Amino acid sequence: MSNTEVIPTSFEPGAAAKPGVIPLCVPELGGNEWIYVKECLDTNWVSSAGPFVSRFEQSIASYVGADHAIATVNGTAALHVALLVAGVEPDDEVILPALTFIAPANAVRYAGAWPVFIDVEPNYWQLDAEKVLDFLAQECQWTNGKLVNKTTQRGVRAILPVHILGHPCDIDAIYEIARKFDLVVVEDATESLGATYKNRPVGSGGDIACFSFNGNKIITTGGGGMIVTDRAEWAERARYLTTQAKDDYVEYVHNDIGYNYRLTNIQAALGCAQMEQLDEFVSAKRQIARQYASALSTVAGITCPQEAPWAASTFWLYTVLVDEQIYGIDSRKLLKRLEQENIQARPLWQPLHRSKAHAGSQSYRIEVTDRIHSKALSLPSSTGLSQRDLDLVVAAVTRTRSRL
Ligand SMILES: Cc1ncc(COP(=O)(O)O)c(C=O)c1O
């Protein structure tokens with residue numbers, strides 16, 4: 001892309017759709033957002049100092065059941081700092097699923113470490129714990145007290161499971177493996193705030209987890225992120241690193257390289273208002289999922305997303321699989337047909353083992369990811385999706401099938 005070309009925004013997180021278009025996923029800002037933002041402007045607290053930042057942190061900490069929460073400028077920054085405080089060092093390796101948005105893999109590189117991409121399981125499309133175990137047991141060995149990848153000779157330090165699309169991974173299985181191999185777990189829960197795993201909020205009770213509040217997430221601050229952890233020293237270090245590693249506030253003494261990653265008070269004000277509505281948003285998303293499932297599960301060639309026995313998903317983006325042989329056209333042709341009917345849909349992300357950006361990273365036993373990627377299509381999933389619009393989406397998917 002030339003640097004004079006305008007970047008298309010219609011697929012940016014939470015971008016408003018053109019009039020008449022049913023958007024993929026846009027925010028709902030019908031609560032106290034105006035009042036709280038006005039309070040920031042009226043009181044002159046617009047920067048990263050201000051009462052809403054800590055109020056937002058407390059609100060997320062208490063919702064998730066974490067001892068500490070640290071607000072950041074976005075979810076990618078949260079992941080970067082979470083990796084650093086979890087002890088990931090340059091040339092370490094971090095295990096990631098191949099099917100996820102690229103941000104966690106990039107965050108691993110920001111820390112100077114290397115991702116190793118492992119497959120997702122076929123049922124819920126989350127990091128496959130069995131393949132992680134297989135990789136660690138078969139492909140790694142202990143050398144001088146360090147777990148080393150036999151192929152790359154690098155030390156394996158962490159697992160970074162990503163709870164994709166509002167559905168939790170089998171996180172107990174992942175922690176069991178991590179403990180066995182002395183690895184830390186950095187959870188990317190950016191897409192799954194509000195989901196539960198065995199009745200526990202996603203992101204709770206583990207080593208460290210991260211959330212995102214960009215424009216298409218279940219709650220939004222425009223852009224924003226959060227780190228949660230029960231470990232006091234990690235929380236303290238994260239707060240230090242995200243605020244330029246200031247050791248003396250008067251003399252501006254810095255003993256470490258820090259980052260300007262702190263969320264602003266205005267964004268946190270939005271976050272506080274959004275948190276007041278999170279339970280409603282989760283109910284709305286689950287209701288949308290129920291309606292899609294009842295209308296689309298009988299359409300031949302469309303497979304609706306499943307909920308694991310351990311999970312209550314938020315169905316953040318309601319994503320179906322399109323079987324070309326049975327449905328008649330593939331997911332990308334369906335995407336185009338929906339576009340012609342003014343309905344915004346979206347494929348999942350390019351699998352990371354195929355990303356040129358991460359060409360230097362190893363991948364292991366990837367057998368499911370590509371199939372899911374080629375068949376998956378996310379349908380409009382805004383919490384405010386009206387009954388009329390949902391019916392139009394269902395009719396379009398059904399009609400496209402019957403038109404063949
Ligand atoms: C899985 C995943 N990880 C990380 C991020 C990064 O979050 P942010 O956009 O707030 O940087 C996102 C969202 O964009 C995501 O979907």
# chains A, B, ... in the order shown; residues from 1 in each chain; ligands from 1
call {"tool": "residues_near_ligand", "arguments": {"ligand": "ligand 1", "cutoff": "7 Å", "atoms": "only C-alpha atoms and all ligand atoms", "output": "PDB file with C-alpha atoms, in the first residue's frame"}}
result
ATOM      1  CA  ASN A  74      -4.791  -1.046  24.476  1.00  0.00           C
ATOM      2  CA  GLY A  75      -4.865  -4.819  24.733  1.00  0.00           C
ATOM      3  CA  THR A  76      -1.645  -5.253  22.757  1.00  0.00           C
ATOM      4  CA  ALA A  77       0.251  -3.066  25.248  1.00  0.00           C
ATOM      5  CA  THR A 100      -5.940 -15.822  16.592  1.00  0.00           C
ATOM      6  CA  PHE A 101      -5.643 -12.133  15.800  1.00  0.00           C
ATOM      7  CA  ILE A 102      -1.956 -11.264  15.342  1.00  0.00           C
ATOM      8  CA  ALA A 103      -1.578  -8.954  18.382  1.00  0.00           C
ATOM      9  CA  PRO A 104      -0.414 -11.578  20.920  1.00  0.00           C
ATOM     10  CA  VAL A 162      -6.136 -16.918  23.589  1.00  0.00           C
ATOM     11  CA  ILE A 164     -11.070 -16.491  21.014  1.00  0.00           C
ATOM     12  CA  ASP A 188      -5.160 -13.337  26.199  1.00  0.00           C
ATOM     13  CA  THR A 190      -9.167  -9.730  25.104  1.00  0.00           C
ATOM     14  CA  GLU A 191     -12.134 -11.177  23.225  1.00  0.00           C
ATOM     15  CA  SER A 212      -9.009  -5.195  25.312  1.00  0.00           C
ATOM     16  CA  PHE A 213     -11.601  -2.445  25.028  1.00  0.00           C
ATOM     17  CA  ASN A 214     -11.193  -1.475  21.403  1.00  0.00           C
ATOM     18  CA  GLY A 223      -9.121   1.980  22.685  1.00  0.00           C
ATOM     19  CA  GLY A 224      -7.887   0.479  25.915  1.00  0.00           C
ATOM     20  CA  GLY A 225      -6.685  -2.584  27.727  1.00  0.00           C
TER      21      GLY A 225
END
call {"tool": "closest_atom_pairs", "arguments": {"of": "stretch 290-361 of chain A", "to": "stretch 120-125 of chain A", "cutoff": "9 Å", "atoms": "only C-alpha atoms", "output": "JSON lines"}}
result
{"residue": "A:Pro305", "atom": "CA", "partner": "A:Tyr124", "partner_atom": "CA", "distance": 7.2}
{"residue": "A:Gln306", "atom": "CA", "partner": "A:Tyr124", "partner_atom": "CA", "distance": 6.3}
{"residue": "A:Glu307", "atom": "CA", "partner": "A:Tyr124", "partner_atom": "CA", "distance": 7.1}
{"residue": "A:Ala308", "atom": "CA", "partner": "A:Tyr124", "partner_atom": "CA", "distance": 7.0}
call {"tool": "write_last_selection", "arguments": {"atoms": "N, CA and C atoms", "output": "CSV table (one decimal), in the first residue's frame"}}
result
chain,number,residue,atom,x,y,z
A,305,PRO,N,-21.6,-22.2,16.0
A,305,PRO,CA,-20.5,-22.5,17.0
A,305,PRO,C,-21.1,-23.2,18.2
A,306,GLN,N,-20.3,-24.1,18.8
A,306,GLN,CA,-20.7,-24.9,19.9
A,306,GLN,C,-20.1,-24.3,21.2
A,307,GLU,N,-20.8,-24.6,22.3
A,307,GLU,CA,-20.3,-24.1,23.6
A,307,GLU,C,-19.8,-25.4,24.4
A,308,ALA,N,-18.6,-25.3,24.9
A,308,ALA,CA,-18.0,-26.5,25.6
A,308,ALA,C,-18.8,-26.7,26.9
call {"tool": "closest_atom_pairs", "arguments": {"of": "stretch 124-189 of chain A", "to": "stretch 266-290 of chain A", "cutoff": "12 Å", "atoms": "only C-alpha atoms", "output": "CSV"}}
result
residue,atom,partner,partner_atom,distance
A:Leu165,CA,A:Lys285,CA,11.5
A:Gly166,CA,A:Lys285,CA,9.7
A:His167,CA,A:Arg286,CA,11.4
call {"tool": "select_by_dssp", "arguments": {"residues": "stretch 100-152 of chain A", "states": "strand (DSSP E or B)", "output": "count of residues only"}}
result
15
call {"tool": "closest_residue", "arguments": {"among": "A:Ala15, A:Ala78, A:Ile171, A:Ala395", "to": "A:Pro201", "atoms": "only C-alpha atoms"}}
result
A:Ile171
call {"tool": "closest_residue", "arguments": {"among": "A:Cys304, A:Leu335, A:Ala61, A:Ala82", "to": "A:Gly205", "atoms": "only C-alpha atoms"}}
result
A:Ala61
call {"tool": "closest_residue", "arguments": {"among": "A:Thr303, A:Ser361, A:Val73, A:Ala173", "to": "A:Asp91", "atoms": "only C-alpha atoms"}}
result
A:Ser361
call {"tool": "closest_residue", "arguments": {"among": "A:Asp92, A:Asp170, A:Asp42, A:Asp182", "to": "A:Glu130", "atoms": "only C-alpha atoms"}}
result
A:Asp170
call {"tool": "residues_around", "arguments": {"residues": "A:Asp247", "least_positions_apart": "6", "cutoff": "12 Å", "atoms": "only C-alpha atoms", "output": "PDB file with N, CA and C atoms, in the first residue's frame"}}
result
ATOM      1  N   ARG A 237       4.996  -4.130  39.250  1.00  0.00           N
ATOM      2  CA  ARG A 237       5.942  -3.990  38.137  1.00  0.00           C
ATOM      3  C   ARG A 237       5.193  -3.527  36.862  1.00  0.00           C
ATOM      4  N   ARG A 239       2.456  -1.762  36.732  1.00  0.00           N
ATOM      5  CA  ARG A 239       2.086  -0.351  36.910  1.00  0.00           C
ATOM      6  C   ARG A 239       3.309   0.557  36.657  1.00  0.00           C
ATOM      7  N   TYR A 240       4.446   0.103  37.128  1.00  0.00           N
ATOM      8  CA  TYR A 240       5.712   0.842  36.949  1.00  0.00           C
ATOM      9  C   TYR A 240       6.077   0.923  35.467  1.00  0.00           C
ATOM     10  N   LEU A 241       6.033  -0.228  34.782  1.00  0.00           N
ATOM     11  CA  LEU A 241       6.447  -0.246  33.369  1.00  0.00           C
ATOM     12  C   LEU A 241       5.482   0.518  32.464  1.00  0.00           C
ATOM     13  N   VAL A 253      13.600  10.381  37.806  1.00  0.00           N
ATOM     14  CA  VAL A 253      14.675   9.390  37.746  1.00  0.00           C
ATOM     15  C   VAL A 253      14.066   8.076  37.243  1.00  0.00           C
ATOM     16  N   HIS A 254      14.721   7.453  36.275  1.00  0.00           N
ATOM     17  CA  HIS A 254      14.231   6.198  35.699  1.00  0.00           C
ATOM     18  C   HIS A 254      15.353   5.168  35.733  1.00  0.00           C
ATOM     19  N   ASN A 255      15.116   4.052  36.403  1.00  0.00           N
ATOM     20  CA  ASN A 255      16.153   3.020  36.471  1.00  0.00           C
ATOM     21  C   ASN A 255      15.916   1.901  35.466  1.00  0.00           C
ATOM     22  N   ASP A 256      14.841   2.022  34.712  1.00  0.00           N
ATOM     23  CA  ASP A 256      14.473   0.992  33.746  1.00  0.00           C
ATOM     24  C   ASP A 256      13.869   1.655  32.522  1.00  0.00           C
ATOM     25  N   ILE A 257      13.816   0.880  31.424  1.00  0.00           N
ATOM     26  CA  ILE A 257      13.109   1.399  30.251  1.00  0.00           C
ATOM     27  C   ILE A 257      11.629   1.116  30.450  1.00  0.00           C
ATOM     28  N   GLY A 258      10.838   2.173  30.514  1.00  0.00           N
ATOM     29  CA  GLY A 258       9.394   1.987  30.684  1.00  0.00           C
ATOM     30  C   GLY A 258       8.646   2.313  29.409  1.00  0.00           C
TER      31      GLY A 258
END
call {"tool": "closest_residue", "arguments": {"among": "A:Leu385, A:Ala345, A:Val64, A:Ala105", "to": "A:Ala357", "atoms": "only C-alpha atoms"}}
result
A:Ala105
call {"tool": "closest_residue", "arguments": {"among": "A:Glu187, A:Glu341, A:Asp119, A:Glu236", "to": "A:Arg399", "atoms": "only C-alpha atoms"}}
result
A:Glu341
call {"tool": "atom_distance", "arguments": {"atom1": "atom CA of A:Leu193", "atom2": "atom CA of A:Ala69"}}
result
13.6 Å
call {"tool": "residues_around", "arguments": {"residues": "A:Gly155", "least_positions_apart": "2", "cutoff": "8 Å", "atoms": "only C-alpha atoms", "output": "ChimeraX atom specification"}}
result
/A:91-93,146-149,153,157
call {"tool": "write_last_selection", "arguments": {"atoms": "N, CA, C and O atoms", "output": "PDB file, in the first residue's frame"}}
result
ATOM      1  N   ASP A  91      14.746 -13.985  23.265  1.00  0.00           N
ATOM      2  CA  ASP A  91      15.102 -15.328  22.797  1.00  0.00           C
ATOM      3  C   ASP A  91      14.405 -16.461  23.526  1.00  0.00           C
ATOM      4  O   ASP A  91      14.654 -17.632  23.224  1.00  0.00           O
ATOM      5  N   ASP A  92      13.528 -16.150  24.464  1.00  0.00           N
ATOM      6  CA  ASP A  92      12.648 -17.185  25.016  1.00  0.00           C
ATOM      7  C   ASP A  92      11.610 -17.547  23.962  1.00  0.00           C
ATOM      8  O   ASP A  92      11.410 -16.797  23.000  1.00  0.00           O
ATOM      9  N   GLU A  93      10.930 -18.654  24.176  1.00  0.00           N
ATOM     10  CA  GLU A  93       9.809 -19.007  23.305  1.00  0.00           C
ATOM     11  C   GLU A  93       8.508 -19.042  24.088  1.00  0.00           C
ATOM     12  O   GLU A  93       8.492 -19.355  25.281  1.00  0.00           O
ATOM     13  N   LYS A 146      16.691 -26.064  32.373  1.00  0.00           N
ATOM     14  CA  LYS A 146      15.903 -25.203  31.493  1.00  0.00           C
ATOM     15  C   LYS A 146      15.204 -26.051  30.437  1.00  0.00           C
ATOM     16  O   LYS A 146      15.826 -26.983  29.895  1.00  0.00           O
ATOM     17  N   LEU A 147      13.943 -25.733  30.152  1.00  0.00           N
ATOM     18  CA  LEU A 147      13.213 -26.471  29.122  1.00  0.00           C
ATOM     19  C   LEU A 147      13.582 -25.892  27.759  1.00  0.00           C
ATOM     20  O   LEU A 147      13.312 -24.724  27.477  1.00  0.00           O
ATOM     21  N   VAL A 148      14.217 -26.729  26.924  1.00  0.00           N
ATOM     22  CA  VAL A 148      14.755 -26.223  25.653  1.00  0.00           C
ATOM     23  C   VAL A 148      14.058 -26.901  24.473  1.00  0.00           C
ATOM     24  O   VAL A 148      13.870 -28.117  24.467  1.00  0.00           O
ATOM     25  N   ASN A 149      13.686 -26.094  23.494  1.00  0.00           N
ATOM     26  CA  ASN A 149      13.114 -26.599  22.242  1.00  0.00           C
ATOM     27  C   ASN A 149      14.261 -27.241  21.449  1.00  0.00           C
ATOM     28  O   ASN A 149      15.236 -26.566  21.107  1.00  0.00           O
ATOM     29  N   GLN A 153      16.728 -24.740  19.881  1.00  0.00           N
ATOM     30  CA  GLN A 153      17.671 -24.572  21.012  1.00  0.00           C
ATOM     31  C   GLN A 153      17.324 -23.368  21.889  1.00  0.00           C
ATOM     32  O   GLN A 153      18.151 -22.901  22.670  1.00  0.00           O
ATOM     33  N   ARG A 157       9.386 -20.564  27.722  1.00  0.00           N
ATOM     34  CA  ARG A 157       9.154 -19.853  28.978  1.00  0.00           C
ATOM     35  C   ARG A 157       7.676 -19.763  29.373  1.00  0.00           C
ATOM     36  O   ARG A 157       7.342 -19.736  30.543  1.00  0.00           O
TER      37      ARG A 157
END
call {"tool": "residues_around", "arguments": {"residues": "A:Ile366", "least_positions_apart": "6", "cutoff": "12 Å", "atoms": "only C-alpha atoms", "output": "list in words"}}
result
Leu96, Pro97, Ala98, Leu99, Val116, Phe117, Ile118, Asp119, Val120, Glu121, Pro122, Leu127, Asp128, Lys131, Val132, Phe135, Pro351, Leu352, His353, Arg354, Ile372 and His373 of chain A
call {"tool": "write_last_selection", "arguments": {"atoms": "N, CA, C and O atoms", "output": "mmCIF file, in the first residue's frame"}}
result
data_model
loop_
_atom_site.group_PDB
_atom_site.id
_atom_site.type_symbol
_atom_site.label_atom_id
_atom_site.label_comp_id
_atom_site.auth_asym_id
_atom_site.auth_seq_id
_atom_site.Cartn_x
_atom_site.Cartn_y
_atom_site.Cartn_z
ATOM 1 N N LEU A 96 1.719 -20.284 21.422
ATOM 2 C CA LEU A 96 0.486 -19.567 21.060
ATOM 3 C C LEU A 96 -0.368 -20.408 20.122
ATOM 4 O O LEU A 96 0.182 -21.224 19.380
ATOM 5 N N PRO A 97 -1.680 -20.159 20.079
ATOM 6 C CA PRO A 97 -2.486 -20.828 19.052
ATOM 7 C C PRO A 97 -2.218 -20.202 17.683
ATOM 8 O O PRO A 97 -1.923 -19.004 17.586
ATOM 9 N N ALA A 98 -2.338 -21.027 16.630
ATOM 10 C CA ALA A 98 -2.132 -20.507 15.272
ATOM 11 C C ALA A 98 -3.332 -19.693 14.805
ATOM 12 O O ALA A 98 -3.213 -18.893 13.885
ATOM 13 N N LEU A 99 -4.492 -19.930 15.441
ATOM 14 C CA LEU A 99 -5.696 -19.230 14.999
ATOM 15 C C LEU A 99 -6.073 -18.151 16.016
ATOM 16 O O LEU A 99 -6.753 -18.420 17.013
ATOM 17 N N VAL A 116 5.779 -19.861 19.232
ATOM 18 C CA VAL A 116 5.708 -21.186 18.592
ATOM 19 C C VAL A 116 4.221 -21.442 18.401
ATOM 20 O O VAL A 116 3.465 -21.421 19.375
ATOM 21 N N PHE A 117 3.806 -21.641 17.156
ATOM 22 C CA PHE A 117 2.378 -21.758 16.880
ATOM 23 C C PHE A 117 1.924 -23.216 16.950
ATOM 24 O O PHE A 117 2.501 -24.080 16.304
ATOM 25 N N ILE A 118 0.866 -23.414 17.732
ATOM 26 C CA ILE A 118 0.317 -24.764 17.896
ATOM 27 C C ILE A 118 -1.150 -24.725 17.472
ATOM 28 O O ILE A 118 -1.804 -23.676 17.523
ATOM 29 N N ASP A 119 -1.637 -25.878 17.036
ATOM 30 C CA ASP A 119 -2.974 -25.971 16.449
ATOM 31 C C ASP A 119 -4.078 -25.663 17.465
ATOM 32 O O ASP A 119 -3.859 -25.705 18.681
ATOM 33 N N VAL A 120 -5.274 -25.394 16.917
ATOM 34 C CA VAL A 120 -6.458 -25.300 17.764
ATOM 35 C C VAL A 120 -7.216 -26.622 17.667
ATOM 36 O O VAL A 120 -7.008 -27.397 16.728
ATOM 37 N N GLU A 121 -8.083 -26.889 18.667
ATOM 38 C CA GLU A 121 -8.889 -28.121 18.613
ATOM 39 C C GLU A 121 -10.117 -27.878 17.718
ATOM 40 O O GLU A 121 -10.509 -26.719 17.531
ATOM 41 N N PRO A 122 -10.695 -28.938 17.171
ATOM 42 C CA PRO A 122 -11.729 -28.757 16.145
ATOM 43 C C PRO A 122 -13.099 -28.333 16.671
ATOM 44 O O PRO A 122 -13.923 -27.856 15.890
ATOM 45 N N LEU A 127 -6.867 -23.084 21.565
ATOM 46 C CA LEU A 127 -5.565 -23.752 21.666
ATOM 47 C C LEU A 127 -5.747 -25.204 22.128
ATOM 48 O O LEU A 127 -6.408 -25.459 23.143
ATOM 49 N N ASP A 128 -5.143 -26.129 21.391
ATOM 50 C CA ASP A 128 -5.312 -27.556 21.664
ATOM 51 C C ASP A 128 -4.322 -27.992 22.750
ATOM 52 O O ASP A 128 -3.120 -28.131 22.493
ATOM 53 N N LYS A 131 -2.093 -31.021 22.063
ATOM 54 C CA LYS A 131 -0.949 -30.784 21.167
ATOM 55 C C LYS A 131 0.142 -29.958 21.864
ATOM 56 O O LYS A 131 1.320 -30.121 21.572
ATOM 57 N N VAL A 132 -0.258 -29.100 22.788
ATOM 58 C CA VAL A 132 0.741 -28.357 23.571
ATOM 59 C C VAL A 132 1.563 -29.359 24.387
ATOM 60 O O VAL A 132 2.808 -29.323 24.392
ATOM 61 N N PHE A 135 3.855 -31.310 22.151
ATOM 62 C CA PHE A 135 5.018 -30.507 21.750
ATOM 63 C C PHE A 135 6.053 -30.464 22.878
ATOM 64 O O PHE A 135 7.258 -30.689 22.658
ATOM 65 N N PRO A 351 -4.199 -17.431 9.477
ATOM 66 C CA PRO A 351 -3.501 -18.223 10.506
ATOM 67 C C PRO A 351 -2.053 -17.755 10.654
ATOM 68 O O PRO A 351 -1.386 -17.422 9.671
ATOM 69 N N LEU A 352 -1.605 -17.728 11.890
ATOM 70 C CA LEU A 352 -0.315 -17.078 12.144
ATOM 71 C C LEU A 352 0.873 -17.831 11.554
ATOM 72 O O LEU A 352 1.890 -17.219 11.220
ATOM 73 N N HIS A 353 0.745 -19.139 11.374
ATOM 74 C CA HIS A 353 1.866 -19.869 10.754
ATOM 75 C C HIS A 353 1.964 -19.527 9.268
ATOM 76 O O HIS A 353 2.935 -19.890 8.628
ATOM 77 N N ARG A 354 0.975 -18.818 8.729
ATOM 78 C CA ARG A 354 1.017 -18.389 7.322
ATOM 79 C C ARG A 354 1.366 -16.897 7.200
ATOM 80 O O ARG A 354 1.428 -16.358 6.102
ATOM 81 N N ILE A 372 -10.600 -24.532 9.611
ATOM 82 C CA ILE A 372 -11.509 -23.588 10.281
ATOM 83 C C ILE A 372 -11.407 -22.232 9.584
ATOM 84 O O ILE A 372 -12.423 -21.598 9.274
ATOM 85 N N HIS A 373 -10.177 -21.813 9.312
ATOM 86 C CA HIS A 373 -9.981 -20.505 8.704
ATOM 87 C C HIS A 373 -10.679 -20.404 7.351
ATOM 88 O O HIS A 373 -11.317 -19.404 7.033
#
call {"tool": "atom_distance", "arguments": {"atom1": "atom CA of A:Gln344", "atom2": "atom CA of A:Pro380"}}
result
6.5 Å
call {"tool": "decode", "arguments": {"residues": "stretch 258-282 of chain A", "atoms": "N, CA and C atoms", "output": "mmCIF file, in the first residue's frame"}}
result
data_model
loop_
_atom_site.group_PDB
_atom_site.id
_atom_site.type_symbol
_atom_site.label_atom_id
_atom_site.label_comp_id
_atom_site.auth_asym_id
_atom_site.auth_seq_id
_atom_site.Cartn_x
_atom_site.Cartn_y
_atom_site.Cartn_z
ATOM 1 N N GLY A 258 10.838 2.173 30.514
ATOM 2 C CA GLY A 258 9.394 1.987 30.684
ATOM 3 C C GLY A 258 8.646 2.313 29.409
ATOM 4 N N TYR A 259 7.338 2.354 29.522
ATOM 5 C CA TYR A 259 6.472 2.585 28.347
ATOM 6 C C TYR A 259 5.391 3.585 28.720
ATOM 7 N N ASN A 260 4.973 4.350 27.725
ATOM 8 C CA ASN A 260 3.865 5.285 27.953
ATOM 9 C C ASN A 260 2.568 4.573 27.582
ATOM 10 N N TYR A 261 2.130 3.680 28.444
ATOM 11 C CA TYR A 261 1.037 2.765 28.133
ATOM 12 C C TYR A 261 -0.200 3.001 29.009
ATOM 13 N N ARG A 262 -0.246 4.091 29.756
ATOM 14 C CA ARG A 262 -1.354 4.249 30.711
ATOM 15 C C ARG A 262 -2.609 4.763 30.001
ATOM 16 N N LEU A 263 -3.742 4.219 30.375
ATOM 17 C CA LEU A 263 -5.030 4.656 29.819
ATOM 18 C C LEU A 263 -5.341 6.072 30.306
ATOM 19 N N THR A 264 -6.092 6.844 29.506
ATOM 20 C CA THR A 264 -6.457 8.192 29.971
ATOM 21 C C THR A 264 -7.755 8.162 30.782
ATOM 22 N N ASN A 265 -7.941 9.233 31.525
ATOM 23 C CA ASN A 265 -9.141 9.348 32.364
ATOM 24 C C ASN A 265 -10.411 9.372 31.506
ATOM 25 N N ILE A 266 -10.340 10.029 30.334
ATOM 26 C CA ILE A 266 -11.532 10.097 29.463
ATOM 27 C C ILE A 266 -11.922 8.691 28.998
ATOM 28 N N GLN A 267 -10.917 7.933 28.581
ATOM 29 C CA GLN A 267 -11.210 6.560 28.134
ATOM 30 C C GLN A 267 -11.739 5.716 29.306
ATOM 31 N N ALA A 268 -11.118 5.889 30.474
ATOM 32 C CA ALA A 268 -11.566 5.124 31.637
ATOM 33 C C ALA A 268 -12.988 5.506 32.034
ATOM 34 N N ALA A 269 -13.346 6.774 31.806
ATOM 35 C CA ALA A 269 -14.722 7.214 32.105
ATOM 36 C C ALA A 269 -15.702 6.420 31.244
ATOM 37 N N LEU A 270 -15.351 6.282 29.964
ATOM 38 C CA LEU A 270 -16.183 5.445 29.088
ATOM 39 C C LEU A 270 -16.253 4.020 29.639
ATOM 40 N N GLY A 271 -15.099 3.522 30.058
ATOM 41 C CA GLY A 271 -15.023 2.150 30.562
ATOM 42 C C GLY A 271 -15.918 1.930 31.777
ATOM 43 N N CYS A 272 -15.935 2.922 32.683
ATOM 44 C CA CYS A 272 -16.773 2.783 33.887
ATOM 45 C C CYS A 272 -18.250 2.692 33.492
ATOM 46 N N ALA A 273 -18.636 3.543 32.548
ATOM 47 C CA ALA A 273 -20.035 3.522 32.105
ATOM 48 C C ALA A 273 -20.366 2.210 31.395
ATOM 49 N N GLN A 274 -19.402 1.720 30.614
ATOM 50 C CA GLN A 274 -19.633 0.468 29.880
ATOM 51 C C GLN A 274 -19.733 -0.722 30.847
ATOM 52 N N MET A 275 -18.894 -0.704 31.884
ATOM 53 C CA MET A 275 -18.926 -1.819 32.838
ATOM 54 C C MET A 275 -20.289 -1.935 33.523
ATOM 55 N N GLU A 276 -20.946 -0.783 33.714
ATOM 56 C CA GLU A 276 -22.276 -0.823 34.340
ATOM 57 C C GLU A 276 -23.278 -1.610 33.481
ATOM 58 N N GLN A 277 -22.930 -1.766 32.174
ATOM 59 C CA GLN A 277 -23.865 -2.424 31.253
ATOM 60 C C GLN A 277 -23.396 -3.808 30.809
ATOM 61 N N LEU A 278 -22.242 -4.247 31.364
ATOM 62 C CA LEU A 278 -21.651 -5.485 30.828
ATOM 63 C C LEU A 278 -22.604 -6.685 30.926
ATOM 64 N N ASP A 279 -23.276 -6.828 32.061
ATOM 65 C CA ASP A 279 -24.170 -7.996 32.189
ATOM 66 C C ASP A 279 -25.259 -7.981 31.121
ATOM 67 N N GLU A 280 -25.783 -6.778 30.853
ATOM 68 C CA GLU A 280 -26.807 -6.673 29.787
ATOM 69 C C GLU A 280 -26.209 -7.049 28.432
ATOM 70 N N PHE A 281 -24.961 -6.589 28.191
ATOM 71 C CA PHE A 281 -24.325 -6.879 26.905
ATOM 72 C C PHE A 281 -24.131 -8.397 26.727
ATOM 73 N N VAL A 282 -23.707 -9.046 27.822
ATOM 74 C CA VAL A 282 -23.498 -10.498 27.738
ATOM 75 C C VAL A 282 -24.829 -11.184 27.430
#
